[in-house]
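Worksheet: one structure, shown below.
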Amino acid sequence: MEIYIVQIGDDIFSIADNYGVPVMKLIQDNGLVNPYNLVLGQAIIIVFPSQTHTVEEGDTLASIANTYDVTLMQLLRNNSFLSERNYIYPGETLVIKYNTNQKISINGFTYAFINKDILIKTLPYLTYLSVFNYRISEGAEIITYYDDSELIKLAKDYGVVPLMMLSVLSLQGDVDIELAYSILLNEENHSRLITNILNILKSSGYNGINLLISIISESNQKIYLDLLTKISIALNNEGYLFFITINPNLTIIDDEISFEQLDYSSISKLVSGIMFLQYVWGRKPGPPSPVSSFTMISDFIDYTVTTAPPEAISIGNPLIAYNWALPYNELNKDAYSLTLNAAIILAYDVGAAIQFDETSQTPYYQYQTIFASTVVDQIVGYIDVRSINAVFKLIIEKALAGSGIWNIMIYYQQIWTLIISQYEIEKILPEE
């Protein structure tokens, strides 16, 4: 696998020719929405299969899978375009295998209203599917927003473990701190919450829960541990999985990286795994900053692996871009979000050259707009395949369990191409 950065004079044809790969494969592997309008500084992934098959008359996906002793899901992973059509055609080339020797788990986060076609295209890449669709309310009742029965069934059909994601967050990411403490500090609410969780698990078909924790700190972790212990015992007794997702709240104070130094040793003994994920939503307050900082994540993981077993830890990746107006002030204090594809398209439209911040391992670019006859400076920050690659190298280096993708509502082929060309995806449930 190689990552190529678009230079002056490059186009999709010259890059494909330079690496000896078909133009269409380069477009497909990167999911390029503007393949003939590349942006200076744009990252392109180039992957090289270890085994391919040229389709012959009479071939079917099942016969090809049988010939090479692979699953249908592996064919779908390695040839994502197959999920969008009903036929294969003589003469076309299918990827059978890549040289992969490291196994990792992938947890995809989604809302229950995800587009079905996107879900079907994404499921072959996942170990777990965490569905953000349940909110704890007053009295430890649980609110469900959307019907997720078809989603749960589809996940299992594709050999993916569905997890009921539970939190005190609204769908917009707002946390109700008063509500959280009313649950944490009341033992009757503990019992009621556990009963409600088990009732939903038994009726829905979920294999367990992923509890999203928003406000845990060194000062309140004891009351969290009390509740987590009770949930853990109840779920284990019924054979359900219990994951938690924690926002590490990484910040810079006096040029030093700061985070809560929690008792992850005790927490890890209660759960099936811990996902560390900095949540991202439709708006981002504060001055311009990287969407994700690799240096901060790396320093944080250096601490956590001294307190908890690495195989219990996963790192989340946020798939989002943000656009800030400059200068930062009270009128321009929030960034608005873009999809990763939209960030690339905008860079092309405004004639921007993409830069790369080595510290955070994230791309960015600047441009100007005219608003009310005034020139306004803008800066866009996002992640790309280089950002994801840095995190996955850290996962392997530290022998962590894997990664989470927040979120999978919009399909980004480049990310999945990186994963499948380098790693074997762990599967808990059998797949066809």
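Each chain in the structure tokens gets a letter, A, B, ..., in the order shown, and its residues are numbered from 1; ligands are numbered from 1 in order too.
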
### Task
Just the helix (DSSP H, G or I) stuff from range 131-323 of chain A, please, per backbone DSSP, written as number ranges by chain.
A: 138-140, 149-157, 177-184, 187-204, 221-237, 264-268, 294-304, 310-312

Please dump the current selection as a short mmCIF file (atom, residue, chain, number, x, y, z; two decimals), in the first residue's frame; keep C-alpha atoms.
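The resulting file, part27.cif, is reproduced below:
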data_model
loop_
_atom_site.label_atom_id
_atom_site.label_comp_id
_atom_site.auth_asym_id
_atom_site.auth_seq_id
_atom_site.Cartn_x
_atom_site.Cartn_y
_atom_site.Cartn_z
CA GLU A 138 -35.72 10.45 33.83
CA GLY A 139 -36.41 7.56 36.15
CA ALA A 140 -33.94 5.38 34.21
CA SER A 149 -35.25 -4.14 13.68
CA GLU A 150 -34.21 -4.38 10.02
CA LEU A 151 -30.79 -2.93 10.82
CA ILE A 152 -30.19 -5.56 13.53
CA LYS A 153 -31.19 -8.37 11.18
CA LEU A 154 -28.98 -7.06 8.37
CA ALA A 155 -26.00 -6.82 10.70
CA LYS A 156 -26.34 -10.45 11.74
CA ASP A 157 -26.90 -11.55 8.13
CA ILE A 177 -25.51 16.40 33.28
CA GLU A 178 -28.30 16.66 35.85
CA LEU A 179 -29.97 13.59 34.37
CA ALA A 180 -26.67 11.65 34.38
CA TYR A 181 -26.14 12.27 38.10
CA SER A 182 -29.76 11.44 38.91
CA ILE A 183 -29.05 7.98 37.49
CA LEU A 184 -25.58 7.55 38.97
CA GLU A 187 -29.60 2.84 43.48
CA GLU A 188 -33.25 2.38 42.55
CA ASN A 189 -32.44 3.92 39.19
CA HIS A 190 -29.53 1.48 38.85
CA SER A 191 -31.88 -1.49 39.19
CA ARG A 192 -34.52 0.07 36.94
CA LEU A 193 -31.95 0.89 34.25
CA ILE A 194 -30.53 -2.64 34.23
CA THR A 195 -34.01 -4.14 33.99
CA ASN A 196 -34.87 -1.86 31.07
CA ILE A 197 -31.60 -2.68 29.29
CA LEU A 198 -32.19 -6.41 29.60
CA ASN A 199 -35.78 -6.12 28.42
CA ILE A 200 -34.69 -4.32 25.26
CA LEU A 201 -31.84 -6.74 24.59
CA LYS A 202 -34.12 -9.75 24.93
CA SER A 203 -36.79 -8.32 22.65
CA SER A 204 -34.60 -6.65 20.02
CA GLN A 221 -15.29 7.66 38.67
CA LYS A 222 -16.18 5.75 41.86
CA ILE A 223 -19.90 6.24 41.34
CA TYR A 224 -19.49 5.25 37.70
CA LEU A 225 -17.63 2.09 38.73
CA ASP A 226 -20.48 1.19 41.06
CA LEU A 227 -23.01 1.34 38.22
CA LEU A 228 -20.69 -0.30 35.69
CA THR A 229 -20.10 -3.20 38.09
CA LYS A 230 -23.83 -3.83 38.42
CA ILE A 231 -24.43 -3.63 34.68
CA SER A 232 -21.47 -5.92 34.01
CA ILE A 233 -22.74 -8.63 36.38
CA ALA A 234 -26.26 -8.49 34.96
CA LEU A 235 -25.15 -8.65 31.31
CA ASN A 236 -22.58 -11.39 31.91
CA ASN A 237 -25.17 -13.51 33.67
CA TYR A 264 -8.85 1.98 33.56
CA SER A 265 -7.51 -1.15 35.23
CA SER A 266 -10.73 -1.55 37.22
CA ILE A 267 -12.93 -0.45 34.32
CA SER A 268 -11.34 -2.92 31.88
CA PHE A 294 -2.51 12.05 16.49
CA THR A 295 0.10 13.37 18.95
CA MET A 296 -2.51 13.79 21.67
CA ILE A 297 -4.01 10.36 20.98
CA SER A 298 -0.57 8.74 21.03
CA ASP A 299 0.35 10.32 24.37
CA PHE A 300 -3.00 9.30 25.83
CA ILE A 301 -2.61 5.68 24.67
CA ASP A 302 0.91 5.59 26.15
CA TYR A 303 -0.76 6.23 29.50
CA THR A 304 -3.74 3.91 29.14
CA PRO A 310 -4.00 -3.22 25.35
CA GLU A 311 -6.29 -5.91 23.90
CA ALA A 312 -9.21 -4.25 25.73
#

Report as a PDB file with C-alpha atoms, in the first residue's frame all protein, DNA and RNA residues lying within 9 Å of Glu92 in chain A, evaluated on only C-alpha atoms, omitting residues in the same chain fewer than 3 positions from it.
ATOM      1  CA  HIS A  53      -9.498 -13.465 -10.587  1.00  0.00           C
ATOM      2  CA  THR A  54     -10.593 -12.619 -14.114  1.00  0.00           C
ATOM      3  CA  VAL A  55     -14.279 -13.398 -14.448  1.00  0.00           C
ATOM      4  CA  GLU A  56     -15.139 -16.062 -17.015  1.00  0.00           C
ATOM      5  CA  ILE A  88     -20.504  -9.888 -12.655  1.00  0.00           C
ATOM      6  CA  TYR A  89     -19.201  -9.662 -16.190  1.00  0.00           C
TER       7      TYR A  89
END

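Among the candidate residues A:Ile257, A:Leu82, A:Ile345, A:Ile274, the one lying nearest to Pro35 in chain A is A:Ile345, with distances computed using only C-alpha atoms.
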
### Task
Tell me, as a PyMOL selection string, which residues lie within 12 Å of Asn332 in chain A, counting only C-alpha atoms; anything in the same chain fewer than 2 positions away does not count.
chain A and resi 283-288+323-330+334-336+376-379

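The smallest atom-to-atom distance between Val95 in chain A and any of A:Ile252, A:Ile410, A:Val70, A:Ile114, using only C-alpha atoms, is found for A:Val70.
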
List every residue of range 356-431 of chain A that has an atom at most 9 Å from any atom of range 77-81 of chain A, and for each one report the closest atom pair and its distance in Å to one decimal, counting only C-alpha atoms, with rows sorted by chain and then by increasing residue number, as CSV.
residue,atom,partner,partner_atom,distance
A:Gln413,CA,A:Ser80,CA,8.2
A:Trp416,CA,A:Arg77,CA,8.3
A:Thr417,CA,A:Asn78,CA,7.9
A:Ile420,CA,A:Asn78,CA,6.9
A:Ser421,CA,A:Asn78,CA,8.2

Next, write the just-selected residues to a file, as a compact mmCIF listing (two decimals), in the first residue's frame, keeping C-alpha atoms as the atom set.
# COMPACT_ATOMS: atom_id res chain seq x y z
CA GLN A 413 -14.21 4.03 0.26
CA TRP A 416 -12.07 0.92 3.91
CA THR A 417 -9.51 0.34 1.16
CA ILE A 420 -8.76 -4.26 3.98
CA SER A 421 -5.45 -3.96 2.13
